[in-house]
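Peer 1: The structure file work_12.pdb (PDB, C-alpha atoms and all ligand atoms) is provided below.
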ATOM      1  CA  MET A   1      52.158  87.417  70.971
ATOM      2  CA  THR A   2      49.576  84.885  71.920
ATOM      3  CA  ARG A   3      50.497  82.089  74.264
ATOM      4  CA  LYS A   4      49.327  78.589  73.487
ATOM      5  CA  SER A   5      46.568  77.583  75.845
ATOM      6  CA  GLY A   6      47.280  75.503  78.941
ATOM      7  CA  PRO A   7      50.381  75.227  81.076
ATOM      8  CA  PRO A   8      53.342  74.450  78.829
ATOM      9  CA  HIS A   9      55.508  72.871  81.484
ATOM     10  CA  LYS A  10      54.132  70.649  84.193
ATOM     11  CA  ARG A  11      57.027  71.004  86.611
ATOM     12  CA  ARG A  12      56.526  74.721  87.012
ATOM     13  CA  LYS A  13      54.462  76.320  89.683
ATOM     14  CA  TYR A  14      53.921  79.986  89.136
ATOM     15  CA  THR A  15      52.990  82.919  91.185
ATOM     16  CA  HIS A  16      53.389  86.292  89.612
ATOM     17  CA  GLU A  17      54.401  89.614  90.860
ATOM     18  CA  VAL A  18      54.192  93.054  89.418
ATOM     19  CA  ALA A  19      57.410  94.892  88.960
ATOM     20  CA  ASN A  20      56.235  98.466  89.160
ATOM     21  CA  PRO A  21      58.675 100.243  91.452
ATOM     22  CA  GLU A  22      56.053 101.289  94.050
ATOM     23  CA  ASP A  23      54.655  97.796  94.238
ATOM     24  CA  LEU A  24      58.084  96.270  94.536
ATOM     25  CA  LEU A  25      58.708  98.076  97.761
ATOM     26  CA  GLU A  26      55.940  95.939  99.199
ATOM     27  CA  LEU A  27      57.220  92.685  97.782
ATOM     28  CA  THR A  28      59.640  91.384 100.313
ATOM     29  CA  ASN A  29      58.005  88.069 101.029
ATOM     30  CA  ASP A  30      59.857  85.245  99.253
ATOM     31  CA  LYS A  31      56.675  83.223  99.053
ATOM     32  CA  GLN A  32      55.375  85.676  96.509
ATOM     33  CA  LEU A  33      58.207  84.864  94.126
ATOM     34  CA  ASN A  34      58.154  82.214  91.483
ATOM     35  CA  GLU A  35      60.007  79.181  92.648
ATOM     36  CA  LEU A  36      61.097  76.633  90.118
ATOM     37  CA  GLU A  37      62.533  73.356  91.230
ATOM     38  CA  PHE A  38      64.563  71.162  88.898
ATOM     39  CA  GLY A  39      66.743  68.096  89.128
ATOM     40  CA  SER A  40      68.010  65.963  91.977
ATOM     41  CA  GLU A  41      71.786  65.638  91.684
ATOM     42  CA  THR A  42      74.152  67.164  94.196
ATOM     43  CA  ALA A  43      77.574  68.700  93.723
ATOM     44  CA  GLU A  44      78.533  69.254  97.327
ATOM     45  CA  ASN A  45      81.991  68.723  98.891
ATOM     46  CA  SER A  46      83.870  70.294  95.988
ATOM     47  CA  THR A  47      86.924  72.220  97.100
ATOM     48  CA  THR A  48      88.015  74.059  93.943
ATOM     49  CA  LEU A  49      86.070  75.978  91.316
ATOM     50  CA  ASP A  50      87.070  73.403  88.677
ATOM     51  CA  GLU A  51      85.797  70.554  90.831
ATOM     52  CA  LYS A  52      82.643  72.419  91.674
ATOM     53  CA  TYR A  53      81.662  72.908  88.053
ATOM     54  CA  PHE A  54      82.937  69.542  86.823
ATOM     55  CA  ALA A  55      80.805  67.828  89.456
ATOM     56  CA  GLN A  56      77.805  69.486  87.819
ATOM     57  CA  ARG A  57      78.676  68.448  84.255
ATOM     58  CA  TYR A  58      75.570  66.328  83.717
ATOM     59  CA  ARG A  59      73.392  69.119  85.047
ATOM     60  CA  PHE A  60      74.858  71.394  82.414
ATOM     61  CA  TRP A  61      74.717  68.813  79.637
ATOM     62  CA  SER A  62      72.778  65.565  79.750
ATOM     63  CA  ARG A  63      74.852  64.498  76.704
ATOM     64  CA  TYR A  64      78.162  65.565  78.247
ATOM     65  CA  ASP A  65      79.767  62.170  77.556
ATOM     66  CA  GLU A  66      79.186  62.494  73.824
ATOM     67  CA  GLY A  67      82.025  65.021  73.642
ATOM     68  CA  ILE A  68      80.774  68.435  74.775
ATOM     69  CA  TRP A  69      83.296  71.271  74.405
ATOM     70  CA  MET A  70      83.658  74.017  76.995
ATOM     71  CA  ASP A  71      86.207  76.676  77.826
ATOM     72  CA  GLU A  72      86.863  78.089  81.289
ATOM     73  CA  THR A  73      84.184  80.777  80.976
ATOM     74  CA  GLY A  74      81.759  78.203  79.633
ATOM     75  CA  TRP A  75      82.140  76.057  82.741
ATOM     76  CA  TYR A  76      81.033  78.762  85.122
ATOM     77  CA  SER A  77      78.471  80.497  82.941
ATOM     78  CA  VAL A  78      76.554  77.819  81.017
ATOM     79  CA  THR A  79      72.929  77.513  82.131
ATOM     80  CA  PRO A  80      72.034  74.133  83.671
ATOM     81  CA  GLU A  81      70.156  72.185  81.019
ATOM     82  CA  LEU A  82      66.834  71.791  82.846
ATOM     83  CA  ILE A  83      66.701  75.517  83.504
ATOM     84  CA  ALA A  84      67.672  76.254  79.883
ATOM     85  CA  GLU A  85      64.846  73.965  78.756
ATOM     86  CA  HIS A  86      62.415  75.808  80.988
ATOM     87  CA  LEU A  87      63.575  79.188  79.649
ATOM     88  CA  ALA A  88      63.117  77.882  76.102
ATOM     89  CA  ASN A  89      59.544  76.889  76.946
ATOM     90  CA  ARG A  90      58.896  80.346  78.332
ATOM     91  CA  CYS A  91      60.385  82.065  75.299
ATOM     92  CA  CYS A  92      59.008  79.856  72.519
ATOM     93  CA  ASP A  93      55.610  78.557  73.580
ATOM     94  CA  TYR A  94      53.458  80.880  71.446
ATOM     95  CA  GLU A  95      50.977  80.389  68.637
ATOM     96  CA  LYS A  96      53.231  82.112  66.139
ATOM     97  CA  LYS A  97      56.650  80.713  65.319
ATOM     98  CA  VAL A  98      59.427  82.316  67.309
ATOM     99  CA  THR A  99      62.869  83.472  66.290
ATOM    100  CA  VAL A 100      65.245  83.816  69.225
ATOM    101  CA  ILE A 101      68.345  85.955  69.298
ATOM    102  CA  ASP A 102      70.742  84.645  71.941
ATOM    103  CA  ALA A 103      72.841  87.761  72.394
ATOM    104  CA  PHE A 104      75.677  86.290  74.455
ATOM    105  CA  SER A 105      75.519  82.650  73.478
ATOM    106  CA  GLY A 106      78.729  81.411  75.113
ATOM    107  CA  VAL A 107      79.164  77.657  74.592
ATOM    108  CA  GLY A 108      75.571  77.281  73.421
ATOM    109  CA  GLY A 109      73.600  75.793  76.336
ATOM    110  CA  ASN A 110      70.631  78.129  75.858
ATOM    111  CA  ALA A 111      70.756  78.365  72.062
ATOM    112  CA  ILE A 112      70.561  74.567  71.842
ATOM    113  CA  GLN A 113      67.477  74.377  74.061
ATOM    114  CA  PHE A 114      65.776  77.132  72.036
ATOM    115  CA  ALA A 115      66.546  75.229  68.842
ATOM    116  CA  LEU A 116      65.157  72.009  70.306
ATOM    117  CA  HIS A 117      61.808  73.687  70.974
ATOM    118  CA  GLU A 118      59.286  72.658  68.314
ATOM    119  CA  ASN A 119      57.882  76.160  67.990
ATOM    120  CA  CYS A 120      61.263  77.794  67.504
ATOM    121  CA  GLU A 121      61.795  78.645  63.856
ATOM    122  CA  ARG A 122      65.334  79.829  64.094
ATOM    123  CA  VAL A 123      68.040  80.820  66.573
ATOM    124  CA  ILE A 124      70.624  83.523  65.986
ATOM    125  CA  ALA A 125      73.491  82.896  68.407
ATOM    126  CA  VAL A 126      75.877  85.817  68.817
ATOM    127  CA  GLU A 127      79.199  85.465  70.621
ATOM    128  CA  LEU A 128      82.300  87.596  70.477
ATOM    129  CA  ASN A 129      84.796  84.939  71.502
ATOM    130  CA  GLU A 130      85.981  82.770  68.605
ATOM    131  CA  ASN A 131      86.754  79.745  70.705
ATOM    132  CA  ARG A 132      83.426  79.781  72.492
ATOM    133  CA  ILE A 133      81.435  80.056  69.303
ATOM    134  CA  LYS A 134      83.292  77.029  67.956
ATOM    135  CA  CYS A 135      82.357  75.170  71.137
ATOM    136  CA  ALA A 136      78.729  76.250  70.702
ATOM    137  CA  ALA A 137      78.560  75.061  67.089
ATOM    138  CA  HIS A 138      80.182  71.750  68.009
ATOM    139  CA  ASN A 139      77.800  71.258  70.962
ATOM    140  CA  ALA A 140      74.805  72.070  68.762
ATOM    141  CA  SER A 141      75.848  69.278  66.396
ATOM    142  CA  ILE A 142      75.883  66.824  69.320
ATOM    143  CA  TYR A 143      72.297  67.807  70.104
ATOM    144  CA  GLY A 144      71.354  67.588  66.409
ATOM    145  CA  VAL A 145      70.320  71.222  66.031
ATOM    146  CA  ALA A 146      73.307  72.809  64.284
ATOM    147  CA  ASP A 147      71.246  73.516  61.163
ATOM    148  CA  LYS A 148      68.645  75.480  63.147
ATOM    149  CA  ILE A 149      71.154  77.885  64.700
ATOM    150  CA  GLU A 150      73.073  80.623  62.933
ATOM    151  CA  PHE A 151      76.284  81.359  64.765
ATOM    152  CA  ILE A 152      77.624  84.870  64.397
ATOM    153  CA  GLN A 153      80.978  85.808  65.839
ATOM    154  CA  ALA A 154      80.529  89.492  66.555
ATOM    155  CA  ASP A 155      80.021  92.152  69.168
ATOM    156  CA  PHE A 156      76.308  91.974  69.830
ATOM    157  CA  PHE A 157      76.023  95.744  70.256
ATOM    158  CA  ASP A 158      77.577  96.420  66.856
ATOM    159  CA  LEU A 159      74.947  94.158  65.321
ATOM    160  CA  ALA A 160      72.154  95.733  67.373
ATOM    161  CA  LYS A 161      73.129  99.238  66.315
ATOM    162  CA  SER A 162      73.422  98.250  62.646
ATOM    163  CA  GLY A 163      69.766  97.160  62.627
ATOM    164  CA  CYS A 164      70.590  93.891  60.854
ATOM    165  CA  LEU A 165      69.285  91.690  63.670
ATOM    166  CA  LYS A 166      65.839  93.105  63.239
ATOM    167  CA  ARG A 167      65.950  92.660  59.482
ATOM    168  CA  ILE A 168      66.967  89.002  59.506
ATOM    169  CA  THR A 169      63.765  87.974  61.254
ATOM    170  CA  LYS A 170      60.842  86.787  59.170
ATOM    171  CA  GLU A 171      58.047  89.324  59.436
ATOM    172  CA  GLN A 172      55.450  86.805  60.505
ATOM    173  CA  ASP A 173      57.550  85.487  63.402
ATOM    174  CA  CYS A 174      57.681  86.677  66.967
ATOM    175  CA  LEU A 175      61.086  88.001  67.793
ATOM    176  CA  VAL A 176      62.493  87.263  71.230
ATOM    177  CA  VAL A 177      65.857  88.361  72.580
ATOM    178  CA  PHE A 178      67.512  86.259  75.244
ATOM    179  CA  LEU A 179      70.059  88.159  77.316
ATOM    180  CA  SER A 180      72.592  86.256  79.360
ATOM    181  CA  PRO A 181      75.574  88.605  79.590
ATOM    182  CA  PRO A 182      78.731  88.118  81.659
ATOM    183  CA  TRP A 183      78.056  88.876  85.304
ATOM    184  CA  GLY A 184      81.693  89.657  86.109
ATOM    185  CA  GLY A 185      82.955  86.108  86.714
ATOM    186  CA  PRO A 186      82.175  83.711  89.584
ATOM    187  CA  GLU A 187      83.099  86.492  92.027
ATOM    188  CA  TYR A 188      79.706  88.092  91.397
ATOM    189  CA  ILE A 189      78.461  86.207  94.455
ATOM    190  CA  LEU A 190      80.942  87.889  96.820
ATOM    191  CA  SER A 191      78.716  90.972  96.900
ATOM    192  CA  GLU A 192      75.724  90.683  99.131
ATOM    193  CA  GLU A 193      73.715  92.511  96.507
ATOM    194  CA  TYR A 194      74.496  92.465  92.797
ATOM    195  CA  ASP A 195      74.464  95.925  91.267
ATOM    196  CA  LEU A 196      73.167  95.803  87.692
ATOM    197  CA  LYS A 197      74.582  99.213  86.932
ATOM    198  CA  THR A 198      78.197  98.635  87.905
ATOM    199  CA  MET A 199      78.816  94.878  87.916
ATOM    200  CA  MET A 200      77.327  93.664  84.629
ATOM    201  CA  GLN A 201      79.597  93.413  81.565
ATOM    202  CA  PRO A 202      80.307  94.856  79.083
ATOM    203  CA  MET A 203      78.178  97.810  80.259
ATOM    204  CA  ASP A 204      75.473  98.944  82.676
ATOM    205  CA  GLY A 205      72.932  96.090  82.826
ATOM    206  CA  ASN A 206      70.039  98.565  82.565
ATOM    207  CA  GLU A 207      71.509  99.994  79.390
ATOM    208  CA  ILE A 208      71.924  96.516  77.843
ATOM    209  CA  LEU A 209      68.196  95.894  78.184
ATOM    210  CA  HIS A 210      67.178  99.334  76.979
ATOM    211  CA  ILE A 211      69.330  99.094  73.844
ATOM    212  CA  VAL A 212      67.786  95.744  72.978
ATOM    213  CA  ARG A 213      64.215  96.864  73.559
ATOM    214  CA  ARG A 214      64.794 100.061  71.595
ATOM    215  CA  THR A 215      66.597  98.556  68.625
ATOM    216  CA  ILE A 216      65.522  94.910  68.285
ATOM    217  CA  SER A 217      62.468  93.682  70.177
ATOM    218  CA  ARG A 218      60.433  94.489  73.261
ATOM    219  CA  ASN A 219      60.150  90.779  74.065
ATOM    220  CA  VAL A 220      63.121  89.999  76.245
ATOM    221  CA  CYS A 221      64.135  87.299  78.704
ATOM    222  CA  TYR A 222      66.974  88.566  80.904
ATOM    223  CA  LEU A 223      69.027  86.099  82.953
ATOM    224  CA  LEU A 224      70.338  87.715  86.114
ATOM    225  CA  PRO A 225      72.420  86.723  89.140
ATOM    226  CA  LYS A 226      70.535  85.274  92.092
ATOM    227  CA  ASN A 227      71.713  88.124  94.337
ATOM    228  CA  THR A 228      70.115  90.849  92.176
ATOM    229  CA  PRO A 229      67.711  92.817  94.411
ATOM    230  CA  ILE A 230      64.154  92.521  93.152
ATOM    231  CA  LYS A 231      63.790  96.293  93.301
ATOM    232  CA  GLN A 232      66.515  96.643  90.651
ATOM    233  CA  VAL A 233      64.731  94.111  88.461
ATOM    234  CA  GLY A 234      61.497  96.054  88.757
ATOM    235  CA  LEU A 235      63.186  99.290  87.764
ATOM    236  CA  LEU A 236      64.232  97.679  84.478
ATOM    237  CA  ALA A 237      60.631  97.828  83.289
ATOM    238  CA  GLU A 238      59.289 100.995  81.751
ATOM    239  CA  PRO A 239      57.010 103.129  83.931
ATOM    240  CA  GLY A 240      53.634 101.441  84.301
ATOM    241  CA  GLU A 241      54.796  98.346  82.460
ATOM    242  CA  PRO A 242      54.679  94.958  84.173
ATOM    243  CA  CYS A 243      57.571  92.561  84.167
ATOM    244  CA  GLU A 244      57.802  89.107  85.627
ATOM    245  CA  TYR A 245      60.501  87.697  87.817
ATOM    246  CA  GLU A 246      61.326  84.048  88.479
ATOM    247  CA  ARG A 247      63.803  82.378  90.717
ATOM    248  CA  ASN A 248      65.225  79.277  89.071
ATOM    249  CA  TYR A 249      66.078  76.451  91.444
ATOM    250  CA  LEU A 250      68.093  73.316  90.883
ATOM    251  CA  ASN A 251      68.280  70.663  93.541
ATOM    252  CA  GLY A 252      66.665  72.930  96.108
ATOM    253  CA  LYS A 253      69.097  75.765  95.530
ATOM    254  CA  VAL A 254      68.471  78.979  93.683
ATOM    255  CA  LYS A 255      70.817  79.299  90.690
ATOM    256  CA  MET A 256      69.698  82.487  88.977
ATOM    257  CA  VAL A 257      66.708  84.691  88.340
ATOM    258  CA  SER A 258      65.020  85.379  85.054
ATOM    259  CA  ALA A 259      63.036  88.479  84.157
ATOM    260  CA  TYR A 260      60.484  88.618  81.332
ATOM    261  CA  PHE A 261      59.496  91.750  79.446
ATOM    262  CA  GLY A 262      56.988  92.583  76.721
ATOM    263  CA  GLY A 263      54.918  89.691  75.400
ATOM    264  CA  LEU A 264      56.941  87.175  77.432
ATOM    265  CA  CYS A 265      55.514  88.587  80.635
ATOM    266  CA  LEU A 266      52.505  86.516  81.631
ATOM    267  CA  LEU A 267      51.050  89.575  83.357
ATOM    268  CA  HIS A 268      50.853  91.504  80.108
ATOM    269  CA  SER A 269      47.164  90.729  79.537
ATOM    270  CA  HIS A 270      46.287  91.710  83.088
ATOM    271  CA  TYR A 271      47.689  95.168  82.483
ATOM    272  CA  THR A 272      46.523  95.776  78.952
ATOM    273  CA  GLY A 273      43.058  94.270  79.441
ATOM    274  CA  GLU A 274      43.578  92.230  76.268
ATOM    275  CA  GLU A 275      42.474  88.643  76.641
ATOM    276  CA  ASN A 276      45.081  87.396  74.212
ATOM    277  CA  PRO A 277      48.038  89.737  74.402
ATOM    278  CA  LYS A 278      49.555  90.645  71.089
ATOM    279  CA  ILE A 279      52.828  92.485  70.787
ATOM    280  CA  ASP A 280      53.505  93.918  67.390
ATOM    281  CA  VAL A 281      57.202  93.378  67.038
ATOM    282  CA  SER A 282      57.421  95.948  64.295
ATOM    283  CA  GLN A 283      56.423  98.720  66.723
ATOM    284  CA  ILE A 284      59.683  99.327  68.456
TER     285      ILE A 284
HETATM  286  P1  LIG B   1      77.328  79.979  90.623
HETATM  287  O1  LIG B   1      76.801  80.891  91.656
HETATM  288  O2  LIG B   1      78.728  80.136  90.216
HETATM  289  O3  LIG B   1      77.119  78.463  90.938
HETATM  290  O4  LIG B   1      76.419  80.162  89.351
HETATM  291  P2  LIG B   1      76.393  77.708  92.116
HETATM  292  O5  LIG B   1      76.489  76.292  91.751
HETATM  293  O6  LIG B   1      75.019  78.254  92.357
HETATM  294  O7  LIG B   1      77.384  78.086  93.261
HETATM  295  P3  LIG B   1      77.296  78.236  94.802
HETATM  296  O8  LIG B   1      78.720  78.495  95.172
HETATM  297  O9  LIG B   1      76.379  79.397  95.093
HETATM  298  O10 LIG B   1      76.800  76.935  95.301
HETATM  299  C1  LIG B   1      75.123  79.606  89.201
HETATM  300  C2  LIG B   1      74.812  79.547  87.744
HETATM  301  O11 LIG B   1      74.714  80.892  87.272
HETATM  302  C3  LIG B   1      75.898  78.929  86.870
HETATM  303  O12 LIG B   1      75.799  77.528  86.810
HETATM  304  C4  LIG B   1      75.603  79.556  85.545
HETATM  305  O13 LIG B   1      74.546  78.891  84.918
HETATM  306  C5  LIG B   1      75.134  80.960  85.936
HETATM  307  N1  LIG B   1      76.220  81.944  85.801
HETATM  308  C6  LIG B   1      77.257  82.100  86.625
HETATM  309  N2  LIG B   1      78.022  83.130  86.165
HETATM  310  C7  LIG B   1      79.232  83.615  86.799
HETATM  311  C8  LIG B   1      77.440  83.631  85.046
HETATM  312  C9  LIG B   1      77.745  84.710  84.164
HETATM  313  O14 LIG B   1      78.734  85.418  84.279
HETATM  314  N3  LIG B   1      76.871  84.930  83.159
HETATM  315  C10 LIG B   1      75.775  84.159  82.989
HETATM  316  N4  LIG B   1      74.950  84.435  81.991
HETATM  317  N5  LIG B   1      75.475  83.129  83.797
HETATM  318  C11 LIG B   1      76.298  82.865  84.828
END
As structure tokens, what does this structure read like?
Peer 2:
Amino acid sequence: MTRKSGPPHKRRKYTHEVANPEDLLELTNDKQLNELEFGSETAENSTTLDEKYFAQRYRFWSRYDEGIWMDETGWYSVTPELIAEHLANRCCDYEKKVTVIDAFSGVGGNAIQFALHENCERVIAVELNENRIKCAAHNASIYGVADKIEFIQADFFDLAKSGCLKRITKEQDCLVVFLSPPWGGPEYILSEEYDLKTMMQPMDGNEILHIVRRTISRNVCYLLPKNTPIKQVGLLAEPGEPCEYERNYLNGKVKMVSAYFGGLCLLHSHYTGEENPKIDVSQI
């Protein structure tokens, strides 16, 4: 995968860190982490969960008033729009056209931003819950991108194991998998440290990534809770392989972290010595 030249997104300021386990032990200084700052609204003084998320409705959807549909899970798990837009830039800004598989698409916040990206050829949005996939399709029509997204109501792992997700991608495209699985509900934050192995759903968070990289594509963006220890993120990479870790901020507050693997990792060229990193998506 070859990135387009120049910074794709002016609001970002990057520093990179290497996620090899030995190096990670050294990386305890927050200043070395990527810090992304978005937006300016506040949602303070909310007393209930419903209020807390409703107060953030325009952060989740700039077009909320046009009739966005959400269910309860959607309210607490949809990615704020500015962060979703940033993730779409990170996943789609390559010279080749990109097909994105959104493995746990929920009510569609990420799938819509992928589809809005000019370099995104196609989005495959997979969601097990019937109601949520209806919400996602409806929301995509509000944003005018329903025809660019294929909605599949299915268990993502059944599809992954069948091999069909790999086959539906055009050969000339880059294939990116976006992973935003359930973190175990809003209670995920009650633990001081999130444990990828035991708290992620529907299975060990390490295993989710490994299945995807083994069966679909090595190019993965993984959205993780903000309390995931960086050491656990680093251990997700294969031995000797770099990965990149960002903290995503909204209104001065960290919301989540995102980890990039394969050709999505901006450090890839540093490690391979290739000036323009190319990942052959057929070599899985
Ligand atoms: P949060 O921690 O519930 O909200 O989730 P906030 O506003 O940071 O709360 P505070 O109490 O710390 O102030 C932050 C963001 O993480 C949400 O807006 C969602 O975008 C995302 N998110 C939350 N959950 C529980 C999930 C989840 O289960 N899966 C995914 N993929 N994203 C989630």
Peer 1: Taking the file as shown, what set of residues would the PyMOL selection byres (((chain A and resi 208) around 12) and not hetatm) give back, as a VMD selection string?
Peer 2: chain A and resid 103 to 104 156 to 157 160 to 161 177 to 182 196 to 197 200 to 207 209 to 216 220 222 to 223 236
Peer 1: Suppose we keep C-alpha atoms; can you now write the selection as a PDB file, keeping the file's coordinate frame?
Peer 2:
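What follows is the written file again-v2.pdb:
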ATOM      1  CA  ALA A 103      72.841  87.761  72.394  1.00  0.00           C
ATOM      2  CA  PHE A 104      75.677  86.290  74.455  1.00  0.00           C
ATOM      3  CA  PHE A 156      76.308  91.974  69.830  1.00  0.00           C
ATOM      4  CA  PHE A 157      76.023  95.744  70.256  1.00  0.00           C
ATOM      5  CA  ALA A 160      72.154  95.733  67.373  1.00  0.00           C
ATOM      6  CA  LYS A 161      73.129  99.238  66.315  1.00  0.00           C
ATOM      7  CA  VAL A 177      65.857  88.361  72.580  1.00  0.00           C
ATOM      8  CA  PHE A 178      67.512  86.259  75.244  1.00  0.00           C
ATOM      9  CA  LEU A 179      70.059  88.159  77.316  1.00  0.00           C
ATOM     10  CA  SER A 180      72.592  86.256  79.360  1.00  0.00           C
ATOM     11  CA  PRO A 181      75.574  88.605  79.590  1.00  0.00           C
ATOM     12  CA  PRO A 182      78.731  88.118  81.659  1.00  0.00           C
ATOM     13  CA  LEU A 196      73.167  95.803  87.692  1.00  0.00           C
ATOM     14  CA  LYS A 197      74.582  99.213  86.932  1.00  0.00           C
ATOM     15  CA  MET A 200      77.327  93.664  84.629  1.00  0.00           C
ATOM     16  CA  GLN A 201      79.597  93.413  81.565  1.00  0.00           C
ATOM     17  CA  PRO A 202      80.307  94.856  79.083  1.00  0.00           C
ATOM     18  CA  MET A 203      78.178  97.810  80.259  1.00  0.00           C
ATOM     19  CA  ASP A 204      75.473  98.944  82.676  1.00  0.00           C
ATOM     20  CA  GLY A 205      72.932  96.090  82.826  1.00  0.00           C
ATOM     21  CA  ASN A 206      70.039  98.565  82.565  1.00  0.00           C
ATOM     22  CA  GLU A 207      71.509  99.994  79.390  1.00  0.00           C
ATOM     23  CA  LEU A 209      68.196  95.894  78.184  1.00  0.00           C
ATOM     24  CA  HIS A 210      67.178  99.334  76.979  1.00  0.00           C
ATOM     25  CA  ILE A 211      69.330  99.094  73.844  1.00  0.00           C
ATOM     26  CA  VAL A 212      67.786  95.744  72.978  1.00  0.00           C
ATOM     27  CA  ARG A 213      64.215  96.864  73.559  1.00  0.00           C
ATOM     28  CA  ARG A 214      64.794 100.061  71.595  1.00  0.00           C
ATOM     29  CA  THR A 215      66.597  98.556  68.625  1.00  0.00           C
ATOM     30  CA  ILE A 216      65.522  94.910  68.285  1.00  0.00           C
ATOM     31  CA  VAL A 220      63.121  89.999  76.245  1.00  0.00           C
ATOM     32  CA  TYR A 222      66.974  88.566  80.904  1.00  0.00           C
ATOM     33  CA  LEU A 223      69.027  86.099  82.953  1.00  0.00           C
ATOM     34  CA  LEU A 236      64.232  97.679  84.478  1.00  0.00           C
TER      35      LEU A 236
END
Peer 1: Ligand LIG 1 (chain B): which residues are within 10 Å, counting all atoms listed in the file? Reply as a PDB file with C-alpha atoms, in the frame of the given file.
Peer 2:
ATOM      1  CA  THR A  42      74.152  67.164  94.196  1.00  0.00           C
ATOM      2  CA  ALA A  43      77.574  68.700  93.723  1.00  0.00           C
ATOM      3  CA  GLU A  44      78.533  69.254  97.327  1.00  0.00           C
ATOM      4  CA  SER A  46      83.870  70.294  95.988  1.00  0.00           C
ATOM      5  CA  LEU A  49      86.070  75.978  91.316  1.00  0.00           C
ATOM      6  CA  LYS A  52      82.643  72.419  91.674  1.00  0.00           C
ATOM      7  CA  TYR A  53      81.662  72.908  88.053  1.00  0.00           C
ATOM      8  CA  ALA A  55      80.805  67.828  89.456  1.00  0.00           C
ATOM      9  CA  GLN A  56      77.805  69.486  87.819  1.00  0.00           C
ATOM     10  CA  ARG A  57      78.676  68.448  84.255  1.00  0.00           C
ATOM     11  CA  ARG A  59      73.392  69.119  85.047  1.00  0.00           C
ATOM     12  CA  PHE A  60      74.858  71.394  82.414  1.00  0.00           C
ATOM     13  CA  THR A  73      84.184  80.777  80.976  1.00  0.00           C
ATOM     14  CA  GLY A  74      81.759  78.203  79.633  1.00  0.00           C
ATOM     15  CA  TRP A  75      82.140  76.057  82.741  1.00  0.00           C
ATOM     16  CA  TYR A  76      81.033  78.762  85.122  1.00  0.00           C
ATOM     17  CA  SER A  77      78.471  80.497  82.941  1.00  0.00           C
ATOM     18  CA  VAL A  78      76.554  77.819  81.017  1.00  0.00           C
ATOM     19  CA  THR A  79      72.929  77.513  82.131  1.00  0.00           C
ATOM     20  CA  PRO A  80      72.034  74.133  83.671  1.00  0.00           C
ATOM     21  CA  GLU A  81      70.156  72.185  81.019  1.00  0.00           C
ATOM     22  CA  ILE A  83      66.701  75.517  83.504  1.00  0.00           C
ATOM     23  CA  ALA A  84      67.672  76.254  79.883  1.00  0.00           C
ATOM     24  CA  PHE A 104      75.677  86.290  74.455  1.00  0.00           C
ATOM     25  CA  SER A 105      75.519  82.650  73.478  1.00  0.00           C
ATOM     26  CA  GLY A 106      78.729  81.411  75.113  1.00  0.00           C
ATOM     27  CA  GLY A 109      73.600  75.793  76.336  1.00  0.00           C
ATOM     28  CA  ASN A 110      70.631  78.129  75.858  1.00  0.00           C
ATOM     29  CA  LEU A 179      70.059  88.159  77.316  1.00  0.00           C
ATOM     30  CA  SER A 180      72.592  86.256  79.360  1.00  0.00           C
ATOM     31  CA  PRO A 181      75.574  88.605  79.590  1.00  0.00           C
ATOM     32  CA  PRO A 182      78.731  88.118  81.659  1.00  0.00           C
ATOM     33  CA  TRP A 183      78.056  88.876  85.304  1.00  0.00           C
ATOM     34  CA  GLY A 184      81.693  89.657  86.109  1.00  0.00           C
ATOM     35  CA  GLY A 185      82.955  86.108  86.714  1.00  0.00           C
ATOM     36  CA  PRO A 186      82.175  83.711  89.584  1.00  0.00           C
ATOM     37  CA  GLU A 187      83.099  86.492  92.027  1.00  0.00           C
ATOM     38  CA  TYR A 188      79.706  88.092  91.397  1.00  0.00           C
ATOM     39  CA  ILE A 189      78.461  86.207  94.455  1.00  0.00           C
ATOM     40  CA  LEU A 190      80.942  87.889  96.820  1.00  0.00           C
ATOM     41  CA  MET A 200      77.327  93.664  84.629  1.00  0.00           C
ATOM     42  CA  GLN A 201      79.597  93.413  81.565  1.00  0.00           C
ATOM     43  CA  TYR A 222      66.974  88.566  80.904  1.00  0.00           C
ATOM     44  CA  LEU A 223      69.027  86.099  82.953  1.00  0.00           C
ATOM     45  CA  LEU A 224      70.338  87.715  86.114  1.00  0.00           C
ATOM     46  CA  PRO A 225      72.420  86.723  89.140  1.00  0.00           C
ATOM     47  CA  LYS A 226      70.535  85.274  92.092  1.00  0.00           C
ATOM     48  CA  ASN A 227      71.713  88.124  94.337  1.00  0.00           C
ATOM     49  CA  ASN A 248      65.225  79.277  89.071  1.00  0.00           C
ATOM     50  CA  TYR A 249      66.078  76.451  91.444  1.00  0.00           C
ATOM     51  CA  LEU A 250      68.093  73.316  90.883  1.00  0.00           C
ATOM     52  CA  LYS A 253      69.097  75.765  95.530  1.00  0.00           C
ATOM     53  CA  VAL A 254      68.471  78.979  93.683  1.00  0.00           C
ATOM     54  CA  LYS A 255      70.817  79.299  90.690  1.00  0.00           C
ATOM     55  CA  MET A 256      69.698  82.487  88.977  1.00  0.00           C
ATOM     56  CA  VAL A 257      66.708  84.691  88.340  1.00  0.00           C
TER      57      VAL A 257
END
Peer 1: Go ahead and compute the interatomic distance for atom CA of A:Lys148 and atom CA of A:Asn131, in Å to one decimal.
Peer 2: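 Separation between atom CA of A:Lys148 and atom CA of A:Asn131: 20.1 Å.
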Peer 1: If I take atom CA of A:Tyr260 and atom CA of A:Cys221, how far is one from the other in Å, to one decimal?
Peer 2: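 Those two atoms sit 4.7 Å apart.
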Peer 1: Kindly extract all protein, DNA and RNA residues lying within 6 Å of the coordinates (75.7, 73.0, 72.0) given in the file, considering all atoms listed in the file, and supply them as a PyMOL selection string.
Peer 2: chain A and resi 108-109+112+136+139-140
Peer 1: Just how far from atom CA of A:Ser217 is atom CA of A:Glu130, in Å to one decimal?
Peer 2: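 Atom CA of A:Glu130 sits 26.0 Å away from atom CA of A:Ser217.
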